[in-house]
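Peer 1: Quick one: structure below, then a few questions.
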Amino acid sequence: MATADPSGVVMNLPRRDARDKLLGRTRYTVDRMPPRMLHAAVLRSEVASARIIRIDTTRARQMPGVRAIALAEDAPGMHGIGIADHPLFASGVIRFHGEQIAAVAADTYEQAQAAARAIEVELEPLPPVLTMADALAPGAPLVHPDWKSYEILFEGGARGGNVAWEATVIRGDTDTAFARDDVVIVESCFRVGRQNHVSLEARAVIATYEDGRYHIETSTQVPWTVRNMTAKLLGVPASQVHVTVPPVGGAFGQKFDCTLEPYAAILARKSGQPVRLVYSRQEEMLTCLCRENADIKIRSAVTEKGEIVGREAVVLMDCGAYGGEQIFLTTMTAHTLGGNYKLGSIKLATRAIYTNTPPNGAFRACNGVYNTFALERHTDEICEAIGMDPLEFKRRNVLGDGDLGATGQVFEGDVLGSMLDRMERLREKSPSKKHLAGDRLYGRATVVGTWFIFVGPSTATINLNADGSATLITAGVELGQGTMVQALPQIVAHELGIHPDDIIVRNADTDAAGFDLGVGGGRTTVSVGAASVAAAADVRNKILNIASELLQTRPERLVLRNGRVEIAGIEGSGTTIAKVVQRAHQVTGPVVGSGSFTNPGVPAMPGCAAGHFIDAIDIPVFNVHDCEVAVDPETGHVEILSYKVVQDVGRALNPRAIHGQIQGGVTQGLGYALHEEHTIGEDGCIRQDSLETYRVPLALDTVPVEIDLYEGAPSIGPLGAKGAGEVPIMNPPAAVACAVARATGCRVQQTPLTPPRVLAHLLGREPAVELPHIADNWWDNVLTKPKTQ
Amino acid sequence: MPTNLVINGEDRISSRGSMTPLIDVLRDEFFLTGAKVACREGICGACTVHLDGRPVVSCLVPLGTVEGRDVRTVESLAVAGEPSPLQLIMEEHDVVQCGMCFPGILMVLTSFFQERPHAERDEIKAALVGNICRCTGYERLVDAAVALARRS
């Protein structure tokens, strides 16, 4: 068959779910109320570390309206990513303030809360370990004294004591590089805090138990993870868990793990009634799986001409009381802090550290956001030390075609370099807003960043219906990002020669769709998209074979367009797809196609990376951001004057929708750069427990982002696409921090750049970030031992 | 004691306690789930409804204070299923993402445009400071609102 022009897939298809969302008719998980539904509440620890002496539910069981109580014995399993270190309920010990002790289902939420409060818990408090410095101190109490006994789910990471996981990269000989007499050595330290997703729809679930199976309706990004983890925790076969996903009211990575679903599942089985559990905003603020706080030390050996001959870095990620996503995310330092630039030699260590604090998780571009902040500020410090313009330095050093990444993977195409050119043109096109700074200090920075598409397994099934429409069945979820209502129907419609409006997209249902890794990491358009293309190709072949017989024309001469099977080059010839499907019903049966996809596995250099879940990235995604700021010297307030983005999108399938993702992602990144931060008190409790004290960007904080979509970089994604939703958040903290440092002449080592912090910088009162718990000798920081020493 | 109120033009009687937040009455008793509960502390604006024509955050309005008063929710903006001009322009500009904040934003802007139909961009942004949107970064939905103000 003559293949259709791939540019035909590109359109600004509007969202099909917009109208009901605007009319207030969309039913998110929080809006669903099946008959006889009970309400659940969770009893949480109010200390950070303790031994549990006794739990007594006698009084709680007699409270009005109570139907079921769930405790540790109802969930014998442990879960995690990499290591199964996390029980559903605190079992024997409390490891963080807010940890779940019991769950109650009652006729009303108030009754459930009252009964949860009536559960008697006797605790013997233990000294908590609240910071990574404390956790790494000699003789520190262990958050998990039994760490050695845990089931390992992924081999390869070094572990020990409060080090939940350690990933290292060693390529080349940094010792020789740092000993050269023609290099300048630049060392920088950085510290960042936690960021809360603040999805407007809190985590929410409704569970029922029917015919010996759990049905879990939940606000999640990962229906298959919820299915498998719930089964593992409850100790039942995974086939007994059925997960469906209504429209999701925001997620941003927060819902990339199984969290509250098993509580509702246990309570539904025990009570025999549907059970709804919705976390309160306070619970979301105190126990959200945040972007983790981190400490970063990085040093580089750079020649006068700006060649980076050696780089060593240690990144400490606070995983909180349980390893969770941070175990996996240790991988990403190699591809972010170790990314962007050509490096002669490199040593990287990334360690997920246990503390008695609420567990952290995944948040849009994860540690890439702060690693990019650290890398770009470090780059500016290098440029200052060698007296080179940062843009000139970037041009000389960004990875190009054939260059090696940190783990020795070979990059394809001169992408970042030509994106810097595009940014230069964008800057020329749009005059500087410096005049708006007035009497304030003015700064500007252009920064680069590398992220990746988290590929991995997906599958799709397409039923071609006798009316000419097609039903696409996948486990993809619509979170608001638009993939399920825009990119996927566009891709399938393009392959089948019908209009996207004629593609019915099935909501995620693990009983209907096959395995999928979930929606996150910018992977849906790519992985679910590629599986959908394969399924559509299967359908197309079947259609063409039947049409070939009907039209007495060889399949190679037929094309699918405008809902018809036509003879190539003869518009209006042939017949409708609907008629071909109707014919198929008589000769072969209904037309169905299936397709699958998984990551092809780009090779790294053998022996470079240890403890990494992904040694090399299949689809890199590059960013260039530019930001102008004005800093008020009286108040320390930072105003964003302009913001520009050149983003590598492969092929922009729906440019307008991508613009929406970029505006939204940049805004979230500006929040993290300027005012969003969780801090932890001496009691181990997060200090900001509401939206009053945790400050997210509001309408008056934003600026319109000027956008240039960079197309044509290599991608194995369908039709050359890359995911576009995750990466816009990566660079704003880097861009803002570099611009503020240039505006003020101050050494910015920490975000967020709140007015008090910036003012303290200007007054010389901001203490320098020093990280004495990260040793100067790289080897002293790692459990890994040198091979030849 | 039951409370009489008018919701979207219909006489209704709620039997909930007088301290019950209006949002819970609307959602749990009358199944008007358009207004969202996202913070319960009056910060996010997702639960905004009109009370006697003025926008209020319904999570902070006790049922006992609305006896005999007129309540309008996002469900009332469309007439006979036909979206309002504000709803249509948001749809046309493709600005919705997860959509949780839009019911509140629409109620605030509907009221705002009644008083300031030709408002400028800065005024529109200022009107929205009580509504948190975590997806869109605001600018594109403000673009849509500006387009409506120019059109009227």
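Here, A, B, ... name the chains of the structure tokens in the order displayed, residue numbers run from 1 inside each chain, and ligands are numbered from 1 in the same displayed order.
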Counting only C-alpha atoms, which residues of chain A come no farther than 6 Å from chain B, as a list of chain:residue names?

Peer 2: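 Result: A:Pro14, A:Ala18, A:Lys21, A:Leu23, A:Gly24, A:Asp31, A:Leu200, A:Gly249, A:Gly250, A:Arg281, A:Leu479, A:Gly480, A:Gln663, A:Gly664, A:Thr667, A:Leu698, A:Ala699, A:Leu700, A:Pro704.
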
Peer 1: Would you output that residue set with C-alpha atoms, as a short mmCIF file (atom, residue, chain, number, x, y, z; two decimals), in the first residue's frame?

Peer 2:
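Dumped everything to result.cif:
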data_model
loop_
_atom_site.label_atom_id
_atom_site.label_comp_id
_atom_site.auth_asym_id
_atom_site.auth_seq_id
_atom_site.Cartn_x
_atom_site.Cartn_y
_atom_site.Cartn_z
CA PRO A 14 -9.65 19.92 19.92
CA ALA A 18 -13.52 19.61 26.99
CA LYS A 21 -15.48 19.30 31.69
CA LEU A 23 -20.35 21.92 31.66
CA GLY A 24 -19.45 20.34 35.00
CA ASP A 31 -17.64 12.46 41.83
CA LEU A 200 -6.68 19.37 42.27
CA GLY A 249 -8.09 15.42 37.76
CA GLY A 250 -4.36 16.03 37.53
CA ARG A 281 -6.01 18.20 51.14
CA LEU A 479 -4.92 12.88 33.12
CA GLY A 480 -5.52 16.17 31.36
CA GLN A 663 2.81 26.83 29.28
CA GLY A 664 1.58 24.61 32.12
CA THR A 667 4.54 27.49 35.23
CA LEU A 698 -1.55 31.94 40.61
CA ALA A 699 -2.82 33.78 37.56
CA LEU A 700 -0.88 36.97 38.35
CA PRO A 704 2.99 33.92 28.39
#

Peer 1: At a cut-off of 10 Å, using only C-alpha atoms, what residues contact Phe154 (chain A)? Leave out same-chain residues fewer than 6 positions from it and give the result as a PyMOL selection string.

Peer 2: chain A and resi 81-84+327-328+611-613

Peer 1: Using C-alpha atoms, can you export the residues from the last selection as a PDB file, in the first residue's frame?

Peer 2:
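Output (result_26.pdb):
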ATOM      1  CA  ILE A  81      10.382  -0.468  43.148  1.00  0.00           C
ATOM      2  CA  GLY A  82      13.706  -2.248  43.220  1.00  0.00           C
ATOM      3  CA  ILE A  83      13.284  -3.342  46.833  1.00  0.00           C
ATOM      4  CA  ALA A  84      10.105  -4.566  48.552  1.00  0.00           C
ATOM      5  CA  ILE A 327      15.263   3.784  43.885  1.00  0.00           C
ATOM      6  CA  PHE A 328      14.499   3.883  40.182  1.00  0.00           C
ATOM      7  CA  GLY A 611      22.693  -0.033  39.771  1.00  0.00           C
ATOM      8  CA  HIS A 612      20.930   1.682  36.875  1.00  0.00           C
ATOM      9  CA  PHE A 613      17.472   0.641  35.695  1.00  0.00           C
TER      10      PHE A 613
END

Peer 1: Would you please extract all strand (DSSP E or B) residues from region 256-459 of chain A, as assigned by DSSP on the backbone, and give them as a PyMOL selection string?

Peer 2: chain A and resi 275-278+291+294-303+308-320+341+346-354+398+404+410+441-452+458-459

Peer 1: How would the residues just picked look written out with C-alpha atoms as a PDB file, in the first residue's frame?

Peer 2:
ATOM      1  CA  VAL A 275     -15.868   1.769  49.813  1.00  0.00           C
ATOM      2  CA  ARG A 276     -14.658   5.209  48.820  1.00  0.00           C
ATOM      3  CA  LEU A 277     -11.406   6.651  50.110  1.00  0.00           C
ATOM      4  CA  VAL A 278     -10.460  10.213  49.181  1.00  0.00           C
ATOM      5  CA  ARG A 291       9.642  15.509  44.304  1.00  0.00           C
ATOM      6  CA  ALA A 294      18.316  16.613  47.475  1.00  0.00           C
ATOM      7  CA  ASP A 295      21.922  17.567  48.156  1.00  0.00           C
ATOM      8  CA  ILE A 296      24.319  17.783  45.235  1.00  0.00           C
ATOM      9  CA  LYS A 297      28.072  18.229  45.073  1.00  0.00           C
ATOM     10  CA  ILE A 298      29.673  18.489  41.651  1.00  0.00           C
ATOM     11  CA  ARG A 299      33.194  19.310  40.552  1.00  0.00           C
ATOM     12  CA  SER A 300      34.760  19.605  37.154  1.00  0.00           C
ATOM     13  CA  ALA A 301      38.216  19.848  35.654  1.00  0.00           C
ATOM     14  CA  VAL A 302      38.047  22.255  32.712  1.00  0.00           C
ATOM     15  CA  THR A 303      40.723  23.530  30.389  1.00  0.00           C
ATOM     16  CA  ILE A 308      35.469  19.414  30.373  1.00  0.00           C
ATOM     17  CA  VAL A 309      38.093  16.732  30.891  1.00  0.00           C
ATOM     18  CA  GLY A 310      36.745  15.358  34.139  1.00  0.00           C
ATOM     19  CA  ARG A 311      33.573  15.575  36.212  1.00  0.00           C
ATOM     20  CA  GLU A 312      32.690  14.012  39.552  1.00  0.00           C
ATOM     21  CA  ALA A 313      29.385  14.351  41.337  1.00  0.00           C
ATOM     22  CA  VAL A 314      27.454  12.958  44.258  1.00  0.00           C
ATOM     23  CA  VAL A 315      23.686  13.339  44.423  1.00  0.00           C
ATOM     24  CA  LEU A 316      21.843  12.454  47.617  1.00  0.00           C
ATOM     25  CA  MET A 317      18.101  11.964  47.148  1.00  0.00           C
ATOM     26  CA  ASP A 318      15.907  11.809  50.245  1.00  0.00           C
ATOM     27  CA  CYS A 319      13.553   8.902  49.633  1.00  0.00           C
ATOM     28  CA  GLY A 320      11.899   9.307  53.025  1.00  0.00           C
ATOM     29  CA  TYR A 341      27.785  18.174  27.690  1.00  0.00           C
ATOM     30  CA  ILE A 346      33.116  11.010  34.708  1.00  0.00           C
ATOM     31  CA  LYS A 347      32.276   9.568  38.091  1.00  0.00           C
ATOM     32  CA  LEU A 348      28.714   9.896  39.364  1.00  0.00           C
ATOM     33  CA  ALA A 349      27.145   8.512  42.493  1.00  0.00           C
ATOM     34  CA  THR A 350      23.457   8.830  43.219  1.00  0.00           C
ATOM     35  CA  ARG A 351      22.179   7.548  46.522  1.00  0.00           C
ATOM     36  CA  ALA A 352      18.612   7.237  47.751  1.00  0.00           C
ATOM     37  CA  ILE A 353      18.771   7.799  51.517  1.00  0.00           C
ATOM     38  CA  TYR A 354      16.249   6.552  54.050  1.00  0.00           C
ATOM     39  CA  VAL A 398      26.753  20.368  24.013  1.00  0.00           C
ATOM     40  CA  LEU A 404      29.275   9.942  24.070  1.00  0.00           C
ATOM     41  CA  VAL A 410      26.376   7.308  21.352  1.00  0.00           C
ATOM     42  CA  LEU A 441      18.391  44.365  39.031  1.00  0.00           C
ATOM     43  CA  TYR A 442      18.155  42.654  35.655  1.00  0.00           C
ATOM     44  CA  GLY A 443      19.429  39.225  34.662  1.00  0.00           C
ATOM     45  CA  ARG A 444      19.054  36.836  31.770  1.00  0.00           C
ATOM     46  CA  ALA A 445      20.081  33.243  31.161  1.00  0.00           C
ATOM     47  CA  THR A 446      19.796  30.635  28.445  1.00  0.00           C
ATOM     48  CA  VAL A 447      20.018  27.077  29.709  1.00  0.00           C
ATOM     49  CA  VAL A 448      19.944  23.614  28.177  1.00  0.00           C
ATOM     50  CA  GLY A 449      18.541  20.345  29.450  1.00  0.00           C
ATOM     51  CA  THR A 450      18.269  16.683  28.569  1.00  0.00           C
ATOM     52  CA  TRP A 451      15.458  14.374  29.580  1.00  0.00           C
ATOM     53  CA  PHE A 452      14.204  11.184  27.992  1.00  0.00           C
ATOM     54  CA  SER A 458       2.555  -1.139  25.917  1.00  0.00           C
ATOM     55  CA  THR A 459      -0.132  -2.876  23.916  1.00  0.00           C
TER      56      THR A 459
END

Peer 1: Could you tell me how far CA of Ala204 (chain A) sits from CA of Met730 (chain A), in Å to one decimal place?

Peer 2: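 CA of Ala204 (chain A) lies 27.6 Å from CA of Met730 (chain A).
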
Peer 1: Neighbours of region 233-244 of chain A within 6 Å (only C-alpha atoms; same-chain residues fewer than 2 positions away dropped), as a PDB file with N, CA and C atoms, in the first residue's frame?

Peer 2:
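After the write, result_11.pdb holds the following:
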ATOM      1  N   ALA A  75      -2.874  -7.125  55.307  1.00  0.00           N
ATOM      2  CA  ALA A  75      -2.036  -6.902  54.123  1.00  0.00           C
ATOM      3  C   ALA A  75      -0.637  -7.426  54.419  1.00  0.00           C
ATOM      4  N   GLY A  77       1.744  -8.447  52.482  1.00  0.00           N
ATOM      5  CA  GLY A  77       2.811  -8.256  51.492  1.00  0.00           C
ATOM      6  C   GLY A  77       3.581  -6.962  51.680  1.00  0.00           C
ATOM      7  N   MET A  78       4.680  -6.866  50.952  1.00  0.00           N
ATOM      8  CA  MET A  78       5.499  -5.648  50.937  1.00  0.00           C
ATOM      9  C   MET A  78       5.658  -5.232  49.474  1.00  0.00           C
ATOM     10  N   ARG A 213     -13.705 -11.090  43.232  1.00  0.00           N
ATOM     11  CA  ARG A 213     -12.687 -10.211  42.652  1.00  0.00           C
ATOM     12  C   ARG A 213     -12.865  -8.786  43.169  1.00  0.00           C
ATOM     13  N   TYR A 214     -11.737  -8.103  43.227  1.00  0.00           N
ATOM     14  CA  TYR A 214     -11.760  -6.692  43.619  1.00  0.00           C
ATOM     15  C   TYR A 214     -11.921  -5.849  42.358  1.00  0.00           C
ATOM     16  N   HIS A 215     -12.873  -4.909  42.390  1.00  0.00           N
ATOM     17  CA  HIS A 215     -12.926  -3.907  41.318  1.00  0.00           C
ATOM     18  C   HIS A 215     -12.500  -2.575  41.915  1.00  0.00           C
ATOM     19  N   ILE A 216     -11.434  -2.045  41.364  1.00  0.00           N
ATOM     20  CA  ILE A 216     -10.867  -0.800  41.873  1.00  0.00           C
ATOM     21  C   ILE A 216     -11.019   0.278  40.810  1.00  0.00           C
ATOM     22  N   GLU A 217     -11.811   1.295  41.162  1.00  0.00           N
ATOM     23  CA  GLU A 217     -12.000   2.440  40.274  1.00  0.00           C
ATOM     24  C   GLU A 217     -11.169   3.552  40.895  1.00  0.00           C
ATOM     25  N   PRO A 223      -2.770   1.905  35.927  1.00  0.00           N
ATOM     26  CA  PRO A 223      -3.743   0.866  36.291  1.00  0.00           C
ATOM     27  C   PRO A 223      -3.114  -0.515  36.511  1.00  0.00           C
ATOM     28  N   ARG A 227      -3.078  -2.812  39.908  1.00  0.00           N
ATOM     29  CA  ARG A 227      -3.548  -4.203  39.899  1.00  0.00           C
ATOM     30  C   ARG A 227      -2.517  -5.121  40.558  1.00  0.00           C
ATOM     31  N   ASN A 228      -1.287  -5.022  40.105  1.00  0.00           N
ATOM     32  CA  ASN A 228      -0.270  -5.968  40.568  1.00  0.00           C
ATOM     33  C   ASN A 228       0.168  -5.708  42.011  1.00  0.00           C
ATOM     34  N   THR A 230      -1.579  -4.126  44.412  1.00  0.00           N
ATOM     35  CA  THR A 230      -2.672  -4.437  45.342  1.00  0.00           C
ATOM     36  C   THR A 230      -2.680  -5.938  45.626  1.00  0.00           C
ATOM     37  N   ALA A 231      -2.535  -6.724  44.567  1.00  0.00           N
ATOM     38  CA  ALA A 231      -2.537  -8.178  44.735  1.00  0.00           C
ATOM     39  C   ALA A 231      -1.358  -8.614  45.609  1.00  0.00           C
ATOM     40  N   ALA A 508      -9.195   3.288  30.372  1.00  0.00           N
ATOM     41  CA  ALA A 508      -8.326   2.214  30.840  1.00  0.00           C
ATOM     42  C   ALA A 508      -9.095   1.209  31.687  1.00  0.00           C
ATOM     43  N   ASP A 509      -8.869  -0.059  31.397  1.00  0.00           N
ATOM     44  CA  ASP A 509      -9.566  -1.150  32.084  1.00  0.00           C
ATOM     45  C   ASP A 509      -8.648  -2.362  31.963  1.00  0.00           C
ATOM     46  N   THR A 510      -8.137  -2.839  33.084  1.00  0.00           N
ATOM     47  CA  THR A 510      -7.173  -3.949  33.012  1.00  0.00           C
ATOM     48  C   THR A 510      -7.828  -5.265  32.608  1.00  0.00           C
TER      49      THR A 510
END

Peer 1: Applying 12 Å and only C-alpha atoms, which residues near Arg12 (chain B) remain after dropping the ones on its own chain fewer than 2 positions away? List them as a ChimeraX atom specification.

Peer 2: /B:2-10,14-15,25-26,29-30,66-71

Peer 1: Could you give me the residues within chain B that DSSP places in alpha helix (DSSP H), as a PyMOL selection string?

Peer 2: chain B and resi 22-24+85-92+102-115+121-127+139-151

Peer 1: Just to confirm, what's the straight-line distance from CA of Gly368 (chain A) to CA of Val727 (chain A) in Å (one decimal)?

Peer 2: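 Distance reported for this atom pair: 9.1 Å.
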
Peer 1: Could you name the residues that touch region 472-475 of chain A at 8 Å or less, counting only C-alpha atoms, but leaving out those on the same chain fewer than 3 positions away, as a PDB file with N, CA and C atoms, in the first residue's frame?

Peer 2:
ATOM      1  N   PRO A 223      -2.770   1.905  35.927  1.00  0.00           N
ATOM      2  CA  PRO A 223      -3.743   0.866  36.291  1.00  0.00           C
ATOM      3  C   PRO A 223      -3.114  -0.515  36.511  1.00  0.00           C
ATOM      4  N   TRP A 224      -2.117  -0.865  35.693  1.00  0.00           N
ATOM      5  CA  TRP A 224      -1.519  -2.195  35.857  1.00  0.00           C
ATOM      6  C   TRP A 224      -0.661  -2.286  37.115  1.00  0.00           C
ATOM      7  N   THR A 459       0.585  -2.105  24.923  1.00  0.00           N
ATOM      8  CA  THR A 459      -0.132  -2.876  23.916  1.00  0.00           C
ATOM      9  C   THR A 459      -1.434  -2.190  23.557  1.00  0.00           C
ATOM     10  N   ALA A 460      -1.927  -2.493  22.368  1.00  0.00           N
ATOM     11  CA  ALA A 460      -3.171  -1.877  21.904  1.00  0.00           C
ATOM     12  C   ALA A 460      -3.963  -2.879  21.085  1.00  0.00           C
ATOM     13  N   THR A 461      -5.273  -2.770  21.168  1.00  0.00           N
ATOM     14  CA  THR A 461      -6.175  -3.553  20.328  1.00  0.00           C
ATOM     15  C   THR A 461      -7.111  -2.575  19.632  1.00  0.00           C
ATOM     16  N   ILE A 462      -7.352  -2.820  18.346  1.00  0.00           N
ATOM     17  CA  ILE A 462      -8.307  -1.969  17.627  1.00  0.00           C
ATOM     18  C   ILE A 462      -9.386  -2.846  17.005  1.00  0.00           C
ATOM     19  N   ASN A 463     -10.633  -2.551  17.328  1.00  0.00           N
ATOM     20  CA  ASN A 463     -11.771  -3.180  16.646  1.00  0.00           C
ATOM     21  C   ASN A 463     -12.256  -2.219  15.573  1.00  0.00           C
ATOM     22  N   ILE A 503     -12.613   7.635  15.932  1.00  0.00           N
ATOM     23  CA  ILE A 503     -11.879   6.703  16.790  1.00  0.00           C
ATOM     24  C   ILE A 503     -12.481   6.784  18.195  1.00  0.00           C
ATOM     25  N   ILE A 504     -13.038   5.690  18.644  1.00  0.00           N
ATOM     26  CA  ILE A 504     -13.559   5.623  20.015  1.00  0.00           C
ATOM     27  C   ILE A 504     -12.387   5.182  20.893  1.00  0.00           C
ATOM     28  N   VAL A 505     -12.134   5.921  21.966  1.00  0.00           N
ATOM     29  CA  VAL A 505     -11.011   5.559  22.844  1.00  0.00           C
ATOM     30  C   VAL A 505     -11.569   4.998  24.154  1.00  0.00           C
ATOM     31  N   ARG A 506     -11.283   3.748  24.374  1.00  0.00           N
ATOM     32  CA  ARG A 506     -11.770   3.059  25.579  1.00  0.00           C
ATOM     33  C   ARG A 506     -11.006   3.568  26.788  1.00  0.00           C
ATOM     34  N   ASN A 507     -11.723   3.868  27.888  1.00  0.00           N
ATOM     35  CA  ASN A 507     -11.039   4.226  29.135  1.00  0.00           C
ATOM     36  C   ASN A 507     -10.266   3.023  29.653  1.00  0.00           C
ATOM     37  N   ALA A 508      -9.195   3.288  30.372  1.00  0.00           N
ATOM     38  CA  ALA A 508      -8.326   2.214  30.840  1.00  0.00           C
ATOM     39  C   ALA A 508      -9.095   1.209  31.687  1.00  0.00           C
ATOM     40  N   ASP A 509      -8.869  -0.059  31.397  1.00  0.00           N
ATOM     41  CA  ASP A 509      -9.566  -1.150  32.084  1.00  0.00           C
ATOM     42  C   ASP A 509      -8.648  -2.362  31.963  1.00  0.00           C
ATOM     43  N   THR A 510      -8.137  -2.839  33.084  1.00  0.00           N
ATOM     44  CA  THR A 510      -7.173  -3.949  33.012  1.00  0.00           C
ATOM     45  C   THR A 510      -7.828  -5.265  32.608  1.00  0.00           C
ATOM     46  N   ALA A 512      -9.831  -5.311  30.013  1.00  0.00           N
ATOM     47  CA  ALA A 512     -10.028  -5.178  28.570  1.00  0.00           C
ATOM     48  C   ALA A 512      -8.713  -5.003  27.823  1.00  0.00           C
ATOM     49  N   ALA A 513      -7.806  -4.228  28.399  1.00  0.00           N
ATOM     50  CA  ALA A 513      -6.546  -3.915  27.727  1.00  0.00           C
ATOM     51  C   ALA A 513      -5.413  -4.727  28.345  1.00  0.00           C
ATOM     52  N   GLY A 514      -4.401  -4.993  27.552  1.00  0.00           N
ATOM     53  CA  GLY A 514      -3.244  -5.723  28.038  1.00  0.00           C
ATOM     54  C   GLY A 514      -2.316  -4.832  28.849  1.00  0.00           C
ATOM     55  N   PHE A 515      -1.195  -5.421  29.246  1.00  0.00           N
ATOM     56  CA  PHE A 515      -0.251  -4.752  30.155  1.00  0.00           C
ATOM     57  C   PHE A 515       0.265  -3.430  29.582  1.00  0.00           C
ATOM     58  N   ASP A 516       0.425  -2.506  30.486  1.00  0.00           N
ATOM     59  CA  ASP A 516       1.037  -1.232  30.126  1.00  0.00           C
ATOM     60  C   ASP A 516       1.779  -0.709  31.345  1.00  0.00           C
ATOM     61  N   GLY A 518       2.140   2.320  32.160  1.00  0.00           N
ATOM     62  CA  GLY A 518       1.455   3.455  32.773  1.00  0.00           C
ATOM     63  C   GLY A 518       1.754   4.756  32.066  1.00  0.00           C
ATOM     64  N   VAL A 528       2.351   3.824  23.888  1.00  0.00           N
ATOM     65  CA  VAL A 528       0.982   3.429  23.537  1.00  0.00           C
ATOM     66  C   VAL A 528       0.738   3.794  22.075  1.00  0.00           C
ATOM     67  N   SER A 532      -0.292   1.298  19.171  1.00  0.00           N
ATOM     68  CA  SER A 532      -1.511   1.607  18.407  1.00  0.00           C
ATOM     69  C   SER A 532      -1.237   1.612  16.905  1.00  0.00           C
TER      70      SER A 532
END

Peer 1: To one decimal place, how far is CA of Ala724 (chain A) from CA of Arg523 (chain A) in Å?

Peer 2: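 Between CA of Ala724 (chain A) and CA of Arg523 (chain A) the gap works out to 9.1 Å.
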
Peer 1: Leaving out Ser527 (chain A) and any residue of its chain fewer than 6 positions from it, which residues lie within 9 Å of it when counting only C-alpha atoms, given as a list in words?

Peer 2: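 Here the qualifying residues turn out to be Phe454, Val455, Gly456, Pro457, Ser458, Thr459, Asp516, Ser596, Phe597, Thr598, Asn599, Gly717 and Pro718 of chain A.
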
Peer 1: Leaving out Val56 (chain B) and any residue of its chain fewer than 4 positions from it, which residues lie within 10 Å of it when counting only C-alpha atoms, given as a PyMOL selection string?

Peer 2: chain B and resi 42+45+47-52+60-61+71+104+107-108

Peer 1: I need the residues from that last selection saved to file as a PDB file, in the first residue's frame (with C-alpha atoms), if you can.

Peer 2:
ATOM      1  CA  GLY B  42     -11.391  28.580  50.589  1.00  0.00           C
ATOM      2  CA  GLY B  45     -11.704  28.296  44.254  1.00  0.00           C
ATOM      3  CA  CYS B  47     -16.000  24.955  44.618  1.00  0.00           C
ATOM      4  CA  THR B  48     -17.086  28.448  43.555  1.00  0.00           C
ATOM      5  CA  VAL B  49     -20.837  28.896  43.017  1.00  0.00           C
ATOM      6  CA  HIS B  50     -23.045  31.981  42.822  1.00  0.00           C
ATOM      7  CA  LEU B  51     -24.981  32.913  45.942  1.00  0.00           C
ATOM      8  CA  ASP B  52     -27.586  35.583  45.146  1.00  0.00           C
ATOM      9  CA  LEU B  60     -16.870  27.917  53.523  1.00  0.00           C
ATOM     10  CA  VAL B  61     -20.617  28.586  53.362  1.00  0.00           C
ATOM     11  CA  VAL B  71     -27.636  29.256  44.499  1.00  0.00           C
ATOM     12  CA  GLY B 104     -14.791  27.458  39.630  1.00  0.00           C
ATOM     13  CA  MET B 107     -18.292  30.855  37.821  1.00  0.00           C
ATOM     14  CA  VAL B 108     -15.806  33.588  38.740  1.00  0.00           C
TER      15      VAL B 108
END

Peer 1: Which of these residues is nearest to Ile658 (chain A), using only C-alpha atoms: A:Pro246, A:Val10, A:Arg554, A:Ala547?

Peer 2: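 Smallest separation from Ile658 (chain A) among the options: A:Val10.
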